[in-house]
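Student: My structure is below; once you've seen it, I'll send some questions.
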Amino acid sequence: MASSYLIQSPNFSTTLKLPSKPTTLKTTPSFLPIKAAAAAAAASSSNNTPTPTPTTKSSNIRDKARRQNLTNPPQINNFSAKYVPFGADPDTSTESYSLDEIVYRSQSGGLLDVQHDLSALKAFPGSYWRALFDSRVGKRTWPYGSGVWSKKEWVLPDISSDDIVSAFEGNTNLFWAERFGKQFLGMNDLWVKHCGISHTGSFKDLGMTVLVSQVNRLRKMNKPVVGVGCASTGDTSAALSAYCASAGIPSIVFLPANKISIAQLVQPIANGAFVLSIDTDFDGCMKLIREVTSELPIYLANSLNSLRLEGQKTAAIEILQQFDWEVPEWVIIPGGNLGNIYAFYKGFHMCKELGLVDKIPRLVCAQAANANPLYLYYKSAWDEFKAVKANSTFASAIQIGDPVSIDRAVYALKKSNGIVEEATEEELMDAMAMADSTGMFICPHTGVALTALMKLRKSGVIGSTDRTVVVSTAHGLKFTQSKIDYHSNNIKEMACRYANPPVSVAADFGSVMDVLKKYLSKTPKY
Ligand SMILES: Cc1ncc(COP(=O)(O)O)c(C=O)c1O
Ligand SMILES: N[C@@H](CCOP(=O)(O)O)C(=O)O
């Protein structure tokens, strides 16, 4: 039970009025010649709607979107998507499923992938898509103000805006890590994509808005979905419970007991999820949720479900957009269950395929040495994959030994000329402390990714002027205990070289002056 877990935890102390007839029949960009369409998209402050719709006093952004849909139905564009077996040859495979079916695996038991009708999307040139996506950034228009739904045509083209459950996720900061790059790596073009500065504090929000929106649609279609469930190392459960709570859908989360941070544990509890704290590790929870979701009408929310990756891929598109559609040389991503590395590949690949850019970045997947099955597989020259027993790591959200998306990850890495690196506990904690000392406040998983960058810089694989993006996957505030342990020099067999413990001092002027003078004498500018 969640409550007993809390007690056991050692750390807890610390009426819509529609116009009867549209006054103006709006023209969608799809009916316009391509150049005019791009211009209209760029000029429009909302979705494909150049003419503003009059609003009533009581209307909200969802009502407004509903009215726009009546005059501007999305289905006229003929964009569509379906599930196909992952990696199947499109020339020979005929197996496919509607996204409205409840299916997670192909007939052969393999992974699925969401396949978009690229020929319909290709009817528009890259310049059209760039202008359309750019026109939606920073607006409140439902649902396009979301960084995910601003790319709706590439995500879930068929869903009605009315069914979407969104917290306007995405559009996260692409931070220029100027000081960190200069001081520690001799780099001048290093960026951190802060996916963790998000509604529930991790990149999972990007995928969960898509999955929970589709569940909302399925429930309205009277499909048998009584709730949504996941196994989690803390971030998937936080995102699932928040989006479900927002839509009034029950959520059920399986957590490995005593293996996630208090901040992560309290998120689903606060959002009213049914929380099971299970005496196993993440891989054990994953096995259980797969068994349970095959027996009960509980929809599976882990990234085994390929819908999630459709949302997560938008972070890659967003990075290109934030660089004005220039492609960085490297993107480094921490990997655990390995859905995200494929999601990034897919986002970049779609942008190339649809003519928004002409190449894709090289991808690096970074793992904790204590949970490194992908790294070991890579080092064996992709000879044989072996799941491992994941050991305890400060990067607790990637403490995963048997990743469900291993095949997707290998595909992404091979197709992007990618690399896999690993980080020991000391390396990842030092990297986190170094980054924090330059004004960031990152999570240990981002420390894993930064370690990979440091190693690749040292070996000369990544050059000093290479434009590089490190994907920060969660907010540092979810992992304060690890930072407290580090800065208190309280970690066994770790030097904690960058620890910055507070100084206790007596409450008198002389004592305070003494410690300040000592401190200032050591600072370079005194
Ligand atoms: C904070 C954080 N970083 C990285 C990852 C790894 O993502 P993936 O499982 O998609 O490899 C996860 C979850 O697994 C996570 O929660
Ligand atoms: N880090 C994840 C692990 C599960 O990954 P998923 O992407 O397959 O849901 C978590 O936060 O639970």
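Residues are named by chain letter and number: chains run A, B, ... in the order of the structure tokens, numbers start at 1 in each chain, and ligands are numbered from 1 in the order shown.
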10 Å from ligand 2 is the threshold here; counting only C-alpha atoms and all ligand atoms, which polymer residues fall inside it? Answer as a PyMOL selection string.

Tutor: chain A and resi 202-204+207-208+230-240+253-256+260+264+282-283+285-286+300-306+308-309+312+335-340+395-400+403-405+445+473-474

Student: Enumerate as an MDAnalysis selection string all residues of region 415-495 of chain A assigned to alpha helix (DSSP H) by DSSP on the backbone, naming them with the chain letters and numbers the document uses.

Tutor: chainID A and resid 415 425:437 444:458 480:487

Student: Could the residues in this selection be saved with N, CA, C and O atoms as a CSV table (one decimal), in the first residue's frame?

Tutor:
```csv
chain,number,residue,atom,x,y,z
A,415,LYS,N,20.9,3.4,-37.7
A,415,LYS,CA,20.5,4.3,-38.8
A,415,LYS,C,21.1,5.7,-38.6
A,415,LYS,O,21.1,6.5,-39.5
A,425,GLU,N,28.9,5.4,-11.2
A,425,GLU,CA,28.1,6.3,-10.3
A,425,GLU,C,28.9,7.6,-10.0
A,425,GLU,O,28.4,8.6,-9.9
A,426,GLU,N,30.2,7.4,-9.8
A,426,GLU,CA,31.0,8.6,-9.5
A,426,GLU,C,31.1,9.6,-10.7
A,426,GLU,O,30.9,10.8,-10.5
A,427,GLU,N,31.2,9.0,-11.9
A,427,GLU,CA,31.2,9.9,-13.0
A,427,GLU,C,29.9,10.7,-13.2
A,427,GLU,O,29.9,11.9,-13.5
A,428,LEU,N,28.8,10.0,-13.0
A,428,LEU,CA,27.5,10.7,-13.3
A,428,LEU,C,27.2,11.7,-12.2
A,428,LEU,O,26.7,12.8,-12.5
A,429,MET,N,27.6,11.4,-10.9
A,429,MET,CA,27.4,12.3,-9.9
A,429,MET,C,28.3,13.5,-10.0
A,429,MET,O,27.9,14.7,-9.7
A,430,ASP,N,29.5,13.3,-10.4
A,430,ASP,CA,30.5,14.4,-10.6
A,430,ASP,C,30.0,15.3,-11.7
A,430,ASP,O,30.0,16.5,-11.6
A,431,ALA,N,29.5,14.7,-12.8
A,431,ALA,CA,29.0,15.4,-14.0
A,431,ALA,C,27.8,16.3,-13.6
A,431,ALA,O,27.7,17.5,-14.0
A,432,MET,N,26.9,15.7,-12.8
A,432,MET,CA,25.8,16.5,-12.3
A,432,MET,C,26.2,17.7,-11.5
A,432,MET,O,25.7,18.8,-11.7
A,433,ALA,N,27.1,17.4,-10.6
A,433,ALA,CA,27.6,18.5,-9.7
A,433,ALA,C,28.3,19.6,-10.5
A,433,ALA,O,28.2,20.8,-10.3
A,434,MET,N,29.1,19.2,-11.5
A,434,MET,CA,29.8,20.2,-12.4
A,434,MET,C,28.8,21.0,-13.1
A,434,MET,O,28.9,22.3,-13.2
A,435,ALA,N,27.8,20.4,-13.7
A,435,ALA,CA,26.7,21.1,-14.4
A,435,ALA,C,26.0,22.1,-13.5
A,435,ALA,O,25.8,23.2,-13.8
A,436,ASP,N,25.7,21.6,-12.3
A,436,ASP,CA,24.9,22.4,-11.3
A,436,ASP,C,25.8,23.6,-10.9
A,436,ASP,O,25.3,24.7,-10.7
A,437,SER,N,27.1,23.4,-10.9
A,437,SER,CA,28.0,24.5,-10.4
A,437,SER,C,28.1,25.6,-11.5
A,437,SER,O,28.6,26.7,-11.2
A,444,PRO,N,20.2,13.1,-12.2
A,444,PRO,CA,21.4,12.2,-12.4
A,444,PRO,C,21.4,11.6,-13.8
A,444,PRO,O,22.5,11.3,-14.3
A,445,HIS,N,20.3,11.4,-14.4
A,445,HIS,CA,20.2,10.8,-15.8
A,445,HIS,C,20.9,11.8,-16.8
A,445,HIS,O,21.6,11.3,-17.7
A,446,THR,N,20.7,13.1,-16.6
A,446,THR,CA,21.4,14.0,-17.4
A,446,THR,C,22.9,14.0,-17.1
A,446,THR,O,23.7,14.2,-18.0
A,447,GLY,N,23.2,13.7,-15.8
A,447,GLY,CA,24.6,13.5,-15.5
A,447,GLY,C,25.2,12.3,-16.3
A,447,GLY,O,26.4,12.3,-16.7
A,448,VAL,N,24.4,11.3,-16.5
A,448,VAL,CA,24.9,10.1,-17.3
A,448,VAL,C,25.2,10.6,-18.8
A,448,VAL,O,26.2,10.3,-19.3
A,449,ALA,N,24.3,11.4,-19.3
A,449,ALA,CA,24.4,11.9,-20.7
A,449,ALA,C,25.7,12.9,-20.8
A,449,ALA,O,26.4,12.8,-21.7
A,450,LEU,N,25.8,13.7,-19.7
A,450,LEU,CA,27.0,14.6,-19.7
A,450,LEU,C,28.3,13.8,-19.6
A,450,LEU,O,29.3,14.2,-20.2
A,451,THR,N,28.3,12.7,-18.9
A,451,THR,CA,29.5,11.9,-18.8
A,451,THR,C,29.8,11.3,-20.2
A,451,THR,O,31.0,11.3,-20.6
A,452,ALA,N,28.8,10.9,-20.9
A,452,ALA,CA,29.1,10.4,-22.2
A,452,ALA,C,29.7,11.4,-23.1
A,452,ALA,O,30.7,11.2,-23.8
A,453,LEU,N,29.2,12.6,-23.0
A,453,LEU,CA,29.7,13.8,-23.7
A,453,LEU,C,31.2,14.0,-23.4
A,453,LEU,O,32.1,14.1,-24.2
A,454,MET,N,31.5,14.0,-22.1
A,454,MET,CA,32.9,14.2,-21.6
A,454,MET,C,33.8,13.2,-22.2
A,454,MET,O,34.9,13.5,-22.6
A,455,LYS,N,33.4,11.9,-22.2
A,455,LYS,CA,34.2,10.8,-22.7
A,455,LYS,C,34.5,11.0,-24.2
A,455,LYS,O,35.6,10.8,-24.7
A,456,LEU,N,33.4,11.4,-24.9
A,456,LEU,CA,33.5,11.5,-26.4
A,456,LEU,C,34.3,12.7,-26.7
A,456,LEU,O,35.0,12.7,-27.8
A,457,ARG,N,34.3,13.7,-25.9
A,457,ARG,CA,35.2,14.9,-26.1
A,457,ARG,C,36.6,14.5,-25.9
A,457,ARG,O,37.5,14.9,-26.7
A,458,LYS,N,36.8,13.8,-24.8
A,458,LYS,CA,38.2,13.4,-24.4
A,458,LYS,C,38.8,12.6,-25.5
A,458,LYS,O,40.0,12.7,-25.9
A,480,THR,N,16.5,15.6,-5.3
A,480,THR,CA,17.3,16.4,-4.4
A,480,THR,C,18.1,15.5,-3.4
A,480,THR,O,19.2,15.9,-2.9
A,481,GLN,N,17.5,14.3,-3.0
A,481,GLN,CA,18.2,13.5,-2.0
A,481,GLN,C,19.6,13.1,-2.5
A,481,GLN,O,20.6,13.1,-1.8
A,482,SER,N,19.7,12.8,-3.8
A,482,SER,CA,21.1,12.4,-4.3
A,482,SER,C,22.0,13.6,-4.3
A,482,SER,O,23.2,13.4,-4.0
A,483,LYS,N,21.5,14.8,-4.5
A,483,LYS,CA,22.4,16.0,-4.4
A,483,LYS,C,22.8,16.2,-2.9
A,483,LYS,O,23.9,16.6,-2.7
A,484,ILE,N,21.8,16.0,-2.0
A,484,ILE,CA,22.1,16.2,-0.6
A,484,ILE,C,23.2,15.2,-0.2
A,484,ILE,O,24.2,15.6,0.5
A,485,ASP,N,23.1,14.0,-0.6
A,485,ASP,CA,24.1,13.0,-0.2
A,485,ASP,C,25.4,13.4,-0.8
A,485,ASP,O,26.5,13.3,-0.1
A,486,TYR,N,25.5,13.8,-2.0
A,486,TYR,CA,26.7,14.2,-2.6
A,486,TYR,C,27.4,15.4,-1.9
A,486,TYR,O,28.5,15.3,-1.5
A,487,HIS,N,26.6,16.4,-1.7
A,487,HIS,CA,27.2,17.6,-1.1
A,487,HIS,C,27.5,17.5,0.3
A,487,HIS,O,28.2,18.3,0.9
```

Student: Quick check, in Å to one decimal: how far apart do CA of Thr393 (chain A) and CA of Val420 (chain A) lie?

Tutor: 18.0 Å

Student: Would you kindly return, as a ChimeraX atom specification, each protein, DNA or RNA residue with an atom no farther than 12 Å from any atom of Val212 (chain A), considering only C-alpha atoms and excluding same-chain residues fewer than 6 positions away?

Tutor: /A:156,159,163-167,204-206,218-219,225,227-229,239-251,299-302,305,307-308,311

Student: How would the residues just picked look written out with C-alpha atoms as a PDB file, in the first residue's frame?

Tutor:
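This went into result11.pdb:
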```pdb
ATOM      1  CA  LEU A 156      -2.357  11.642 -34.197  1.00  0.00           C
ATOM      2  CA  ILE A 159      -8.069  12.622 -33.280  1.00  0.00           C
ATOM      3  CA  ASP A 163     -10.684  14.551 -27.220  1.00  0.00           C
ATOM      4  CA  ILE A 164      -7.208  15.867 -26.539  1.00  0.00           C
ATOM      5  CA  VAL A 165      -5.919  15.923 -22.969  1.00  0.00           C
ATOM      6  CA  SER A 166      -3.071  18.401 -22.849  1.00  0.00           C
ATOM      7  CA  ALA A 167      -1.179  20.551 -20.356  1.00  0.00           C
ATOM      8  CA  LYS A 204       7.175  11.625 -20.247  1.00  0.00           C
ATOM      9  CA  ASP A 205       4.527  14.355 -20.536  1.00  0.00           C
ATOM     10  CA  LEU A 206       5.218  14.489 -24.283  1.00  0.00           C
ATOM     11  CA  LEU A 218     -11.481   5.123 -27.010  1.00  0.00           C
ATOM     12  CA  ARG A 219     -13.629   5.568 -23.916  1.00  0.00           C
ATOM     13  CA  VAL A 225     -10.922   0.693 -21.072  1.00  0.00           C
ATOM     14  CA  GLY A 227      -8.328   2.540 -16.503  1.00  0.00           C
ATOM     15  CA  VAL A 228      -4.748   3.062 -17.641  1.00  0.00           C
ATOM     16  CA  GLY A 229      -1.775   1.347 -16.042  1.00  0.00           C
ATOM     17  CA  ALA A 239       2.876  11.783 -16.050  1.00  0.00           C
ATOM     18  CA  LEU A 240       0.230   9.068 -16.374  1.00  0.00           C
ATOM     19  CA  SER A 241      -1.487   9.970 -13.114  1.00  0.00           C
ATOM     20  CA  ALA A 242      -1.517  13.703 -13.859  1.00  0.00           C
ATOM     21  CA  TYR A 243      -2.962  13.386 -17.386  1.00  0.00           C
ATOM     22  CA  CYS A 244      -5.508  10.773 -16.263  1.00  0.00           C
ATOM     23  CA  ALA A 245      -6.559  12.937 -13.320  1.00  0.00           C
ATOM     24  CA  SER A 246      -6.997  15.864 -15.646  1.00  0.00           C
ATOM     25  CA  ALA A 247      -9.303  13.783 -17.865  1.00  0.00           C
ATOM     26  CA  GLY A 248     -11.092  11.967 -15.025  1.00  0.00           C
ATOM     27  CA  ILE A 249      -9.729   8.569 -16.057  1.00  0.00           C
ATOM     28  CA  PRO A 250      -8.588   6.066 -13.385  1.00  0.00           C
ATOM     29  CA  SER A 251      -4.846   5.346 -13.349  1.00  0.00           C
ATOM     30  CA  TYR A 299      -4.776   0.130 -21.085  1.00  0.00           C
ATOM     31  CA  LEU A 300      -0.970  -0.162 -21.051  1.00  0.00           C
ATOM     32  CA  ALA A 301       0.811   3.186 -20.835  1.00  0.00           C
ATOM     33  CA  ASN A 302       4.452   2.165 -20.986  1.00  0.00           C
ATOM     34  CA  ASN A 305       2.822   1.069 -26.482  1.00  0.00           C
ATOM     35  CA  LEU A 307       1.579   5.713 -29.222  1.00  0.00           C
ATOM     36  CA  ARG A 308       3.780   7.198 -26.517  1.00  0.00           C
ATOM     37  CA  GLY A 311       4.537  12.426 -28.628  1.00  0.00           C
TER      38      GLY A 311
END
```

Student: Hey, can you check how far CA of Cys195 (chain A) sits from CA of Val148 (chain A)?

Tutor: 12.1 Å

Student: In terms of the shortest atom-to-atom distance over only C-alpha atoms and all ligand atoms, which of A:Glu95, A:His194, A:Ile491, A:Ala499 is closest to ligand 1?

Tutor: A:His194

Student: From the list A:Val410, A:Cys496, A:Ala423, A:Leu356, which residue is nearest Pro125 (chain A) when using only C-alpha atoms?

Tutor: A:Leu356
